[in-house]
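Asks: Dropping in work_38.txt, which is compact mmCIF, C-alpha atoms:
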```txt
# COMPACT_ATOMS: atom_id res chain seq x y z
CA MET S 1 -113.25 10.94 33.32
CA LYS S 2 -112.50 13.75 35.66
CA MET S 3 -112.70 13.41 39.41
CA LEU S 4 -115.41 15.73 40.63
CA THR S 5 -114.34 17.84 43.52
CA LYS S 6 -116.36 20.36 45.42
CA PRO S 7 -115.26 23.72 44.02
CA VAL S 8 -114.68 25.19 47.45
CA LEU S 9 -111.82 22.77 47.98
CA LEU S 10 -110.22 23.06 44.56
CA GLY S 11 -106.56 23.78 44.61
CA ALA S 12 -106.19 23.06 48.28
CA ILE S 13 -106.37 19.32 48.43
CA ALA S 14 -103.08 18.29 46.91
CA ALA S 15 -101.05 20.56 49.13
CA VAL S 16 -101.59 18.58 52.29
CA PHE S 17 -99.73 15.55 51.01
CA ALA S 18 -96.53 17.43 50.41
CA ALA S 19 -96.96 19.47 53.52
CA THR S 20 -97.33 16.58 55.92
CA ALA S 21 -95.74 13.64 54.21
CA ALA S 22 -92.66 13.83 56.39
CA GLN S 23 -94.74 13.11 59.50
CA ALA S 24 -96.55 10.04 58.21
CA GLY S 25 -94.90 7.30 60.18
CA TYR S 26 -97.32 4.88 61.85
CA GLU S 27 -98.18 1.52 60.39
CA SER S 28 -101.60 1.30 61.98
CA LEU S 29 -104.14 3.23 63.96
CA GLU S 30 -103.23 1.18 67.02
CA ALA S 31 -99.56 2.16 66.72
CA ALA S 32 -100.53 5.83 66.34
CA ARG S 33 -102.92 5.56 69.30
CA ALA S 34 -100.19 4.07 71.47
CA ALA S 35 -97.81 6.89 70.46
CA ALA S 36 -100.48 9.48 71.30
CA ALA S 37 -100.95 7.91 74.74
CA GLU S 38 -97.22 7.76 75.35
CA GLN S 39 -96.60 11.35 74.26
CA ASN S 40 -99.78 12.59 75.96
CA LYS S 41 -100.90 14.31 72.79
CA PRO S 42 -104.14 14.16 70.82
CA LEU S 43 -104.25 12.02 67.73
CA LEU S 44 -104.86 13.64 64.35
CA LEU S 45 -106.10 11.30 61.64
CA ASP S 46 -105.60 12.61 58.11
CA PHE S 47 -107.78 10.67 55.66
CA TYR S 48 -106.56 11.06 52.09
CA THR S 49 -106.43 9.30 48.76
CA GLU S 50 -103.76 9.43 46.09
CA TRP S 51 -106.09 10.40 43.26
CA MET G 1 -89.33 29.40 57.35
CA ASN G 2 -90.81 27.35 54.52
CA GLU G 3 -94.30 25.98 54.46
CA ASP G 4 -93.26 22.48 55.47
CA ALA G 5 -91.52 23.77 58.57
CA ASP G 6 -94.55 25.92 59.40
CA VAL G 7 -96.88 22.97 59.06
CA GLN G 8 -94.65 20.67 61.03
CA LYS G 9 -94.52 23.21 63.83
CA MET G 10 -98.33 23.34 63.82
CA LEU G 11 -98.45 19.55 63.98
CA SER G 12 -95.96 19.27 66.83
CA SER G 13 -98.80 19.32 69.36
CA VAL G 14 -100.47 16.23 67.93
CA VAL G 15 -99.60 12.72 66.79
CA LEU G 16 -100.37 12.67 63.07
CA HIS G 17 -101.54 9.44 61.48
CA LYS G 18 -102.04 9.61 57.73
CA VAL G 19 -104.65 7.15 56.49
CA ASP G 20 -104.76 6.23 52.80
CA ALA G 21 -108.47 5.55 52.44
CA GLU G 22 -107.91 3.23 49.50
CA LYS G 23 -105.27 0.96 50.98
CA GLY G 24 -104.93 -1.56 53.83
CA GLU G 25 -106.78 -0.79 57.04
CA GLY G 26 -107.52 2.69 55.65
CA ILE G 27 -110.40 1.31 53.56
CA GLU G 28 -112.33 0.07 56.61
CA LEU G 29 -111.27 3.04 58.75
CA ALA G 30 -112.62 5.51 56.17
CA LYS G 31 -115.92 3.60 56.12
CA SER G 32 -116.18 3.40 59.88
CA TYR G 33 -115.41 7.14 60.19
CA LYS G 34 -117.99 7.94 57.45
CA VAL G 35 -115.46 9.97 55.50
CA GLN G 36 -117.32 12.03 52.89
CA GLY G 37 -114.39 13.63 51.05
CA TYR G 38 -110.68 14.28 51.17
CA PRO G 39 -108.82 15.35 53.06
CA THR G 40 -110.81 14.76 56.24
CA PHE G 41 -109.09 15.41 59.56
CA VAL G 42 -110.27 13.80 62.79
CA MET G 43 -108.76 14.87 66.07
CA ALA G 44 -109.21 12.27 68.79
CA ASN G 45 -107.98 11.50 72.28
CA ALA G 46 -105.81 8.50 73.11
CA GLU G 47 -108.95 6.39 73.45
CA VAL G 48 -109.75 7.41 69.85
CA GLN G 49 -112.86 9.32 70.95
CA PRO G 50 -113.36 12.21 68.52
CA ILE G 51 -112.63 15.72 69.74
CA ASP G 52 -113.08 17.60 66.47
CA ARG G 53 -113.30 16.96 62.77
CA TRP G 54 -113.13 19.01 59.58
CA MET G 55 -112.71 18.74 55.84
CA GLY G 56 -110.33 20.53 53.49
CA TYR G 57 -106.81 21.78 53.71
CA SER G 58 -104.92 24.99 53.48
CA LYS G 59 -102.11 26.01 55.77
CA SER G 60 -104.22 28.72 57.36
CA LEU G 61 -107.22 26.39 57.81
CA LEU G 62 -105.04 23.73 59.43
CA GLY G 63 -103.57 26.29 61.82
CA GLU G 64 -106.97 27.70 62.70
CA MET G 65 -108.56 24.28 63.24
CA LEU G 66 -105.65 22.98 65.31
CA ASP G 67 -105.72 26.08 67.53
CA GLU G 68 -109.47 25.72 68.06
CA SER G 69 -109.33 21.99 68.68
CA LEU G 70 -106.39 22.12 71.07
CA ALA G 71 -108.11 24.88 73.08
CA ASP G 72 -110.97 22.50 73.93
CA LEU G 73 -110.00 18.84 74.20
CA SER G 74 -113.42 17.66 75.36
CA THR G 75 -114.91 14.92 73.23
CA VAL G 76 -117.67 15.61 70.73
CA SER G 77 -120.14 13.78 72.99
CA GLU G 78 -119.17 16.06 75.85
CA LYS G 79 -119.51 19.12 73.60
CA ARG G 80 -123.03 18.01 72.60
CA GLU G 81 -124.00 17.59 76.25
CA ARG G 82 -122.53 20.99 77.09
CA PHE G 83 -124.37 22.61 74.17
CA SER G 84 -127.71 21.14 75.25
CA LYS G 85 -127.28 22.68 78.72
CA SER G 86 -125.59 25.92 77.74
CA PRO G 87 -125.77 26.72 74.00
CA SER G 88 -123.08 28.91 72.48
CA ALA G 89 -122.31 29.93 68.91
CA PRO G 90 -118.71 28.59 68.81
CA VAL G 91 -119.80 25.11 69.96
CA ALA G 92 -122.74 25.19 67.55
CA VAL G 93 -120.31 25.89 64.69
CA LYS G 94 -118.00 23.12 65.84
CA LEU G 95 -120.86 20.60 65.99
CA ALA G 96 -122.15 21.80 62.61
CA ARG G 97 -118.76 21.27 61.04
CA TYR G 98 -118.45 17.87 62.68
CA ASP G 99 -121.85 16.70 61.50
CA GLU G 100 -121.28 18.06 57.99
CA SER G 101 -118.07 16.09 57.63
CA MET G 102 -119.98 12.97 58.77
CA GLY G 103 -122.58 13.50 56.04
CA GLU G 104 -125.23 14.52 58.61
CA TYR G 105 -126.27 17.55 56.60
CA GLY G 106 -129.66 18.23 58.15
CA SER G 107 -128.13 18.40 61.61
CA ALA G 108 -125.23 20.52 60.29
CA VAL G 109 -127.61 23.10 58.82
CA GLU G 110 -129.58 23.22 62.07
CA PHE G 111 -126.42 23.86 64.09
CA TYR G 112 -125.31 26.62 61.71
CA GLU G 113 -128.76 28.19 62.04
CA LYS G 114 -128.51 27.96 65.83
CA ALA G 115 -125.07 29.57 65.67
CA GLY G 116 -126.59 32.44 63.69
CA SER G 117 -129.36 32.85 66.29
CA LEU G 118 -126.89 32.79 69.17
CA ASP G 119 -124.58 35.33 67.53
CA PRO G 120 -126.72 37.61 65.34
CA GLU G 121 -123.68 39.70 64.39
CA LYS G 122 -122.36 36.81 62.31
CA THR G 123 -123.89 35.21 59.24
CA TYR G 124 -123.50 31.56 58.48
CA ALA G 125 -125.28 31.81 55.13
CA PHE G 126 -122.31 30.50 53.18
CA GLU G 127 -121.73 27.60 55.57
CA ILE G 128 -125.43 26.69 55.31
CA PHE G 129 -125.24 26.89 51.51
CA ASP G 130 -122.09 24.77 51.47
CA ALA G 131 -123.71 22.05 53.61
CA THR G 132 -126.92 22.23 51.58
CA PHE G 133 -124.98 21.96 48.32
CA SER G 134 -123.06 18.92 49.62
CA ALA G 135 -126.31 17.30 50.73
CA GLY G 136 -127.89 17.89 47.34
CA ARG G 137 -124.83 16.59 45.56
CA ARG G 138 -125.05 13.36 47.52
CA LYS G 139 -128.83 13.24 47.10
CA ALA G 140 -129.39 13.31 50.86
CA GLU G 141 -132.99 12.98 51.98
CA GLY G 142 -134.81 16.30 52.26
CA PHE G 143 -132.31 18.16 50.09
CA GLY G 144 -132.43 19.07 46.43
CA ILE G 145 -132.01 21.85 43.95
CA ASP G 146 -134.82 24.03 45.37
CA ARG G 147 -133.29 24.03 48.82
CA THR G 148 -129.82 24.66 47.37
CA LYS G 149 -131.18 27.64 45.42
CA LYS G 150 -132.76 29.14 48.55
CA ALA G 151 -129.49 28.76 50.43
CA ALA G 152 -127.59 30.36 47.53
CA ASP G 153 -130.05 33.28 47.51
CA MET G 154 -129.35 33.81 51.21
CA VAL G 155 -125.61 34.09 50.53
CA LEU G 156 -126.11 36.60 47.74
CA ALA G 157 -128.46 38.63 49.95
CA SER G 158 -126.12 38.73 52.92
CA SER G 159 -122.53 38.47 51.69
CA GLN G 160 -120.19 41.04 50.20
CA ASP G 161 -117.36 38.51 50.12
CA GLY G 162 -116.20 38.21 46.50
CA MET G 163 -114.85 34.68 46.89
CA GLU G 164 -118.09 33.42 48.46
CA ILE G 165 -120.10 34.97 45.63
CA ILE G 166 -117.85 33.35 43.02
CA GLN G 167 -118.12 30.00 44.81
CA VAL G 168 -121.91 30.26 44.78
CA GLY G 169 -121.69 30.72 40.99
CA GLN G 170 -119.36 27.73 40.61
CA MET G 171 -121.33 25.46 42.91
CA MET G 172 -124.73 26.41 41.48
CA SER G 173 -123.35 25.65 38.03
CA TYR G 174 -122.59 22.13 39.23
CA ALA G 175 -125.88 21.74 41.13
CA ALA G 176 -127.96 22.90 38.14
CA LYS G 177 -126.13 20.49 35.85
CA GLN G 178 -126.77 17.67 38.30
CA ALA G 179 -130.44 18.66 38.43
CA GLY G 180 -130.60 18.47 34.64
CA ASP G 181 -131.46 22.13 34.10
CA GLU G 182 -128.44 24.33 33.60
CA THR G 183 -130.60 27.43 33.20
CA LEU G 184 -131.16 27.30 36.98
CA ALA G 185 -127.56 28.43 37.46
CA VAL G 186 -127.75 31.43 35.15
CA PRO G 187 -128.75 34.07 37.75
CA TYR G 188 -125.97 32.91 40.10
CA ILE G 189 -123.26 32.82 37.42
CA LYS G 190 -124.39 36.25 36.20
CA THR G 191 -124.38 37.72 39.71
CA ALA G 192 -121.00 36.15 40.54
CA VAL G 193 -119.27 37.54 37.45
CA GLU G 194 -120.92 40.95 37.51
CA ARG G 195 -120.66 41.65 41.27
CA THR G 196 -116.96 40.82 41.35
CA ALA G 197 -115.94 42.72 38.21
CA ASP G 198 -114.30 45.51 40.21
CA SER G 199 -112.75 43.37 42.94
CA SER G 200 -109.13 44.22 43.64
CA ASP G 201 -108.54 40.84 45.29
CA GLU G 202 -106.19 38.84 43.07
CA SER G 203 -107.55 35.45 44.17
CA VAL G 204 -111.12 36.61 43.49
CA GLN G 205 -110.12 37.76 40.00
CA LYS G 206 -108.38 34.46 39.35
CA SER G 207 -111.47 32.48 40.37
CA ARG G 208 -113.68 34.89 38.41
CA GLY G 209 -111.52 34.19 35.35
CA GLY G 210 -112.26 30.49 35.79
CA LEU G 211 -115.99 31.24 35.75
CA LEU G 212 -115.92 33.41 32.61
CA PRO G 213 -116.20 30.48 30.15
CA THR G 214 -119.33 29.33 32.02
CA TYR G 215 -120.65 32.91 31.88
CA ALA G 216 -120.01 33.08 28.12
CA LEU G 217 -121.72 29.75 27.62
CA HIS G 218 -124.82 30.13 29.78
CA VAL G 219 -125.33 33.88 30.19
CA GLU G 220 -124.01 35.29 26.89
CA LYS G 221 -124.89 32.06 25.06
CA ASN G 222 -121.72 32.32 23.02
CA PRO G 223 -120.05 28.86 22.81
CA GLN G 224 -117.12 30.03 20.69
CA LYS G 225 -116.30 32.76 23.21
CA ALA G 226 -116.53 30.16 25.97
CA VAL G 227 -114.06 27.91 24.13
CA ASP G 228 -111.65 30.80 23.56
CA LEU G 229 -111.85 31.88 27.21
CA LYS G 230 -111.39 28.33 28.43
CA LYS G 231 -108.30 27.84 26.31
CA ALA G 232 -106.93 31.21 27.44
CA SER G 233 -107.45 30.17 31.08
CA MET G 234 -105.44 26.96 30.71
CA PRO G 235 -101.95 26.97 32.25
CA GLU G 236 -98.86 27.45 30.15
CA GLY G 237 -97.78 24.22 28.44
CA TRP G 238 -101.21 22.61 28.81
CA MET G 239 -101.11 21.19 25.28
CA ASP G 240 -98.19 18.97 26.31
CA ASP G 241 -99.58 17.81 29.64
CA ALA G 242 -101.81 14.72 29.74
CA GLY G 243 -103.74 15.85 32.81
CA GLN G 244 -104.43 19.31 31.41
CA LEU G 245 -105.43 17.91 28.03
CA ASN G 246 -107.86 15.64 29.86
CA SER G 247 -109.14 18.60 31.86
CA TYR G 248 -109.89 20.62 28.71
CA ALA G 249 -111.38 17.64 26.86
CA TRP G 250 -113.62 16.80 29.83
CA TRP G 251 -114.79 20.42 30.04
CA ALA G 252 -115.61 20.35 26.31
CA PHE G 253 -117.50 17.07 26.75
CA GLU G 254 -119.43 18.30 29.78
CA ASN G 255 -120.46 21.43 27.94
CA GLN G 256 -120.86 19.74 24.54
CA VAL G 257 -118.67 22.30 22.74
CA ASP G 258 -115.60 22.00 20.51
CA LEU G 259 -115.98 18.22 20.51
CA GLU G 260 -113.99 17.43 17.34
CA ASN G 261 -111.00 19.41 18.61
CA ALA G 262 -111.43 17.98 22.12
CA LYS G 263 -111.27 14.48 20.61
CA VAL G 264 -107.90 15.27 19.01
CA LEU G 265 -106.61 16.74 22.28
CA ALA G 266 -107.83 13.78 24.32
CA GLU G 267 -106.12 11.41 21.86
CA LYS G 268 -102.90 13.34 22.43
CA GLY G 269 -103.50 13.08 26.18
CA VAL G 270 -103.86 9.30 25.90
CA GLU G 271 -100.52 9.14 24.09
CA LEU G 272 -98.78 11.28 26.71
CA ALA G 273 -100.29 9.69 29.82
CA PRO G 274 -98.36 7.07 31.75
CA GLU G 275 -99.75 3.55 31.75
CA GLY G 276 -102.35 2.86 34.42
CA LYS G 277 -105.10 4.90 36.09
CA GLU G 278 -104.28 8.24 34.45
CA LYS G 279 -104.36 6.76 30.95
CA ALA G 280 -107.62 5.02 31.84
CA GLN G 281 -109.20 8.34 32.87
CA ILE G 282 -108.30 10.00 29.58
CA LEU G 283 -109.49 6.99 27.60
CA ASP G 284 -112.81 7.36 29.41
CA THR G 285 -112.95 11.05 28.48
CA LEU G 286 -112.23 10.11 24.86
CA ALA G 287 -114.92 7.43 24.97
CA GLU G 288 -117.48 9.95 26.23
CA ILE G 289 -116.52 12.38 23.46
CA CYS G 290 -116.79 9.66 20.81
CA ASN G 291 -120.19 8.71 22.20
CA SER G 292 -121.28 12.36 22.01
CA LEU G 293 -120.10 12.37 18.39
CA GLU G 294 -122.40 9.40 17.76
CA ASN G 295 -119.58 6.88 17.54
CA CYS G 296 -120.65 4.30 20.10
CA ALA G 297 -118.49 1.56 18.55
CA GLU G 298 -115.31 3.54 19.19
CA ALA G 299 -116.54 4.39 22.71
CA VAL G 300 -116.88 0.66 23.42
CA GLU G 301 -113.36 -0.09 22.18
CA LEU G 302 -111.84 2.82 24.10
CA THR G 303 -113.55 1.70 27.30
CA LYS G 304 -112.13 -1.79 26.86
CA LEU G 305 -108.70 -0.15 26.72
CA ALA G 306 -109.53 1.84 29.88
CA ILE G 307 -110.43 -1.40 31.68
CA ALA G 308 -107.11 -2.92 30.57
CA GLN G 309 -105.34 0.10 32.10
CA ASP G 310 -107.32 0.00 35.37
CA PRO G 311 -108.77 -3.52 35.71
CA ASP G 312 -109.92 -3.04 39.32
CA SER G 313 -112.22 -0.13 38.49
CA GLU G 314 -115.92 -0.98 38.63
CA PHE G 315 -116.70 2.37 37.05
CA TYR G 316 -115.21 1.47 33.66
CA LYS G 317 -117.08 -1.83 33.62
CA LYS G 318 -120.31 0.08 34.10
CA GLN G 319 -119.28 2.49 31.36
CA LEU G 320 -118.61 -0.45 29.01
CA ALA G 321 -122.07 -1.92 29.68
CA ARG G 322 -123.61 1.50 29.06
CA PHE G 323 -121.81 2.08 25.74
CA GLN G 324 -122.54 -1.50 24.59
CA GLU G 325 -126.21 -0.94 25.34
CA LEU G 326 -126.22 2.30 23.35
CA LEU G 327 -124.45 0.56 20.46
CA ALA G 328 -126.94 -2.32 20.48
CA ALA G 329 -129.84 0.13 20.44
CA LYS G 330 -128.41 1.77 17.33
CA GLN G 331 -127.89 -1.43 15.39
```
As a first step, turn the structure in this file into structure tokens.

Replies:
Amino acid sequence: MKMLTKPVLLGAIAAVFAATAAQAGYESLEAARAAAAEQNKPLLLDFYTEW
Amino acid sequence: MNEDADVQKMLSSVVLHKVDAEKGEGIELAKSYKVQGYPTFVMANAEVQPIDRWMGYSKSLLGEMLDESLADLSTVSEKRERFSKSPSAPVAVKLARYDESMGEYGSAVEFYEKAGSLDPEKTYAFEIFDATFSAGRRKAEGFGIDRTKKAADMVLASSQDGMEIIQVGQMMSYAAKQAGDETLAVPYIKTAVERTADSSDESVQKSRGGLLPTYALHVEKNPQKAVDLKKASMPEGWMDDAGQLNSYAWWAFENQVDLENAKVLAEKGVELAPEGKEKAQILDTLAEICNSLENCAEAVELTKLAIAQDPDSEFYKKQLARFQELLAAKQ
């Protein structure tokens, strides 16, 4: 089996994990939302999978 | 400054929350956000009302999207209201991108078309093709291979961008295969390879190289040349890498070429792969190859091994039922 990925995204997907892993720190959306409110910044949700 | 530092600087204006869509609350969140592919980024305000949304990652894309999103922190609902009163091309593009990432392809295409009408100097042919392709791939209502072909024709008629032309060839190859008629892709593969032959862009040439085996197979109708080109395009050390062995073996299976050799390579991949999901994937490739070689009994046994490696996967259970059915029909 090979995971089918839209060709336009090939080669780009894996990079985000390494690039942003250091900033992944919230246990839940609610915790991230509260941090966004406290810091007065927008929230950026990064949906990913490990495959 | 390395890439990590660059990216972290870009992200300093937001609160990043990474959501593993296959674990914990991420499973339900991904469903509720209608995530269509990965990575998907959703920018939202502190009330979690969406401001912007896009799919895909590269450092430059992230920077561009963050700049755009941070320049207009109105919610998507507010942007829609603004667009209905005072249409503009940039907001049309933003709404198109948003709807596309939600799987609302018909609306996405309409917004891209509106963007083109509002700013005639720009073409959104590739964006329309991309959304149309995605819709066809997911069998969305009103979309299919005929519509994807028309959108591809529009790109080839309007674009001089080598990478877009190559991508049309790649994506049409996939769409034609999905439609069950690979000959539909031939004109696009031919155009992609031939129109980019003289490109001086290294990334275009690299992508073109990846399309050459498909060109040899479907345009030149020379399977042996396709196999040779495919092997030549594999990265150094691929014969000792489970993932790369799987990649080659899957390509051979998909194209029904070099199957005996692909079986040997997939077997080596199974040996090299770590226990778990990766080994299961290569076992599935091997099972498909065995099935193509008319050995359904071995395909059944290999799929049982794949299930043992990845017991939670529903896919392998379906594969097992399929191979067992084929075996029963033969006996």

Asks: Can you tell me how far atom CA of Leu184 of chain G sits from atom CA of Met154 of chain G, in Å to one decimal?

Replies: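 Separation of atom CA of Leu184 of chain G and atom CA of Met154 of chain G: 15.8 Å.
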
Asks: Residues at most 10 Å from segment 276-280 of chain G, counting all atoms listed in the file, excluding those fewer than 4 positions away in the same chain, as a list in words?

Replies: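 Contacts, in chain order: Met1, Lys2 and Trp51 of chain S; Ala242, Gly243, Asn246, Gly269, Val270, Glu271, Leu272, Asp284, Thr285, Leu286, Leu302, Thr303, Lys304, Leu305, Ala306, Ile307, Ala308, Gln309, Asp310, Pro311, Asp312, Ser313 and Tyr316 of chain G.
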
Asks: Which residues are near Lys41 of chain S? Cut-off 12 Å, only C-alpha atoms, ignore same chain within fewer than 5 positions. Put them as a count of residues only.

Replies: 19

Asks: Which neighbours of Glu100 of chain G fall inside 9 Å, counting all atoms listed in the file, when residues of the same chain fewer than 6 positions from it are skipped, and could you give them as a ChimeraX atom specification?

Replies: /G:36,54-55,106-109,131,134-135

Asks: Atom CA of Ser74 of chain G and atom CA of Lys114 of chain G, how far apart in Å?

Replies: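 That distance, rounded to one decimal, is 20.6 Å.
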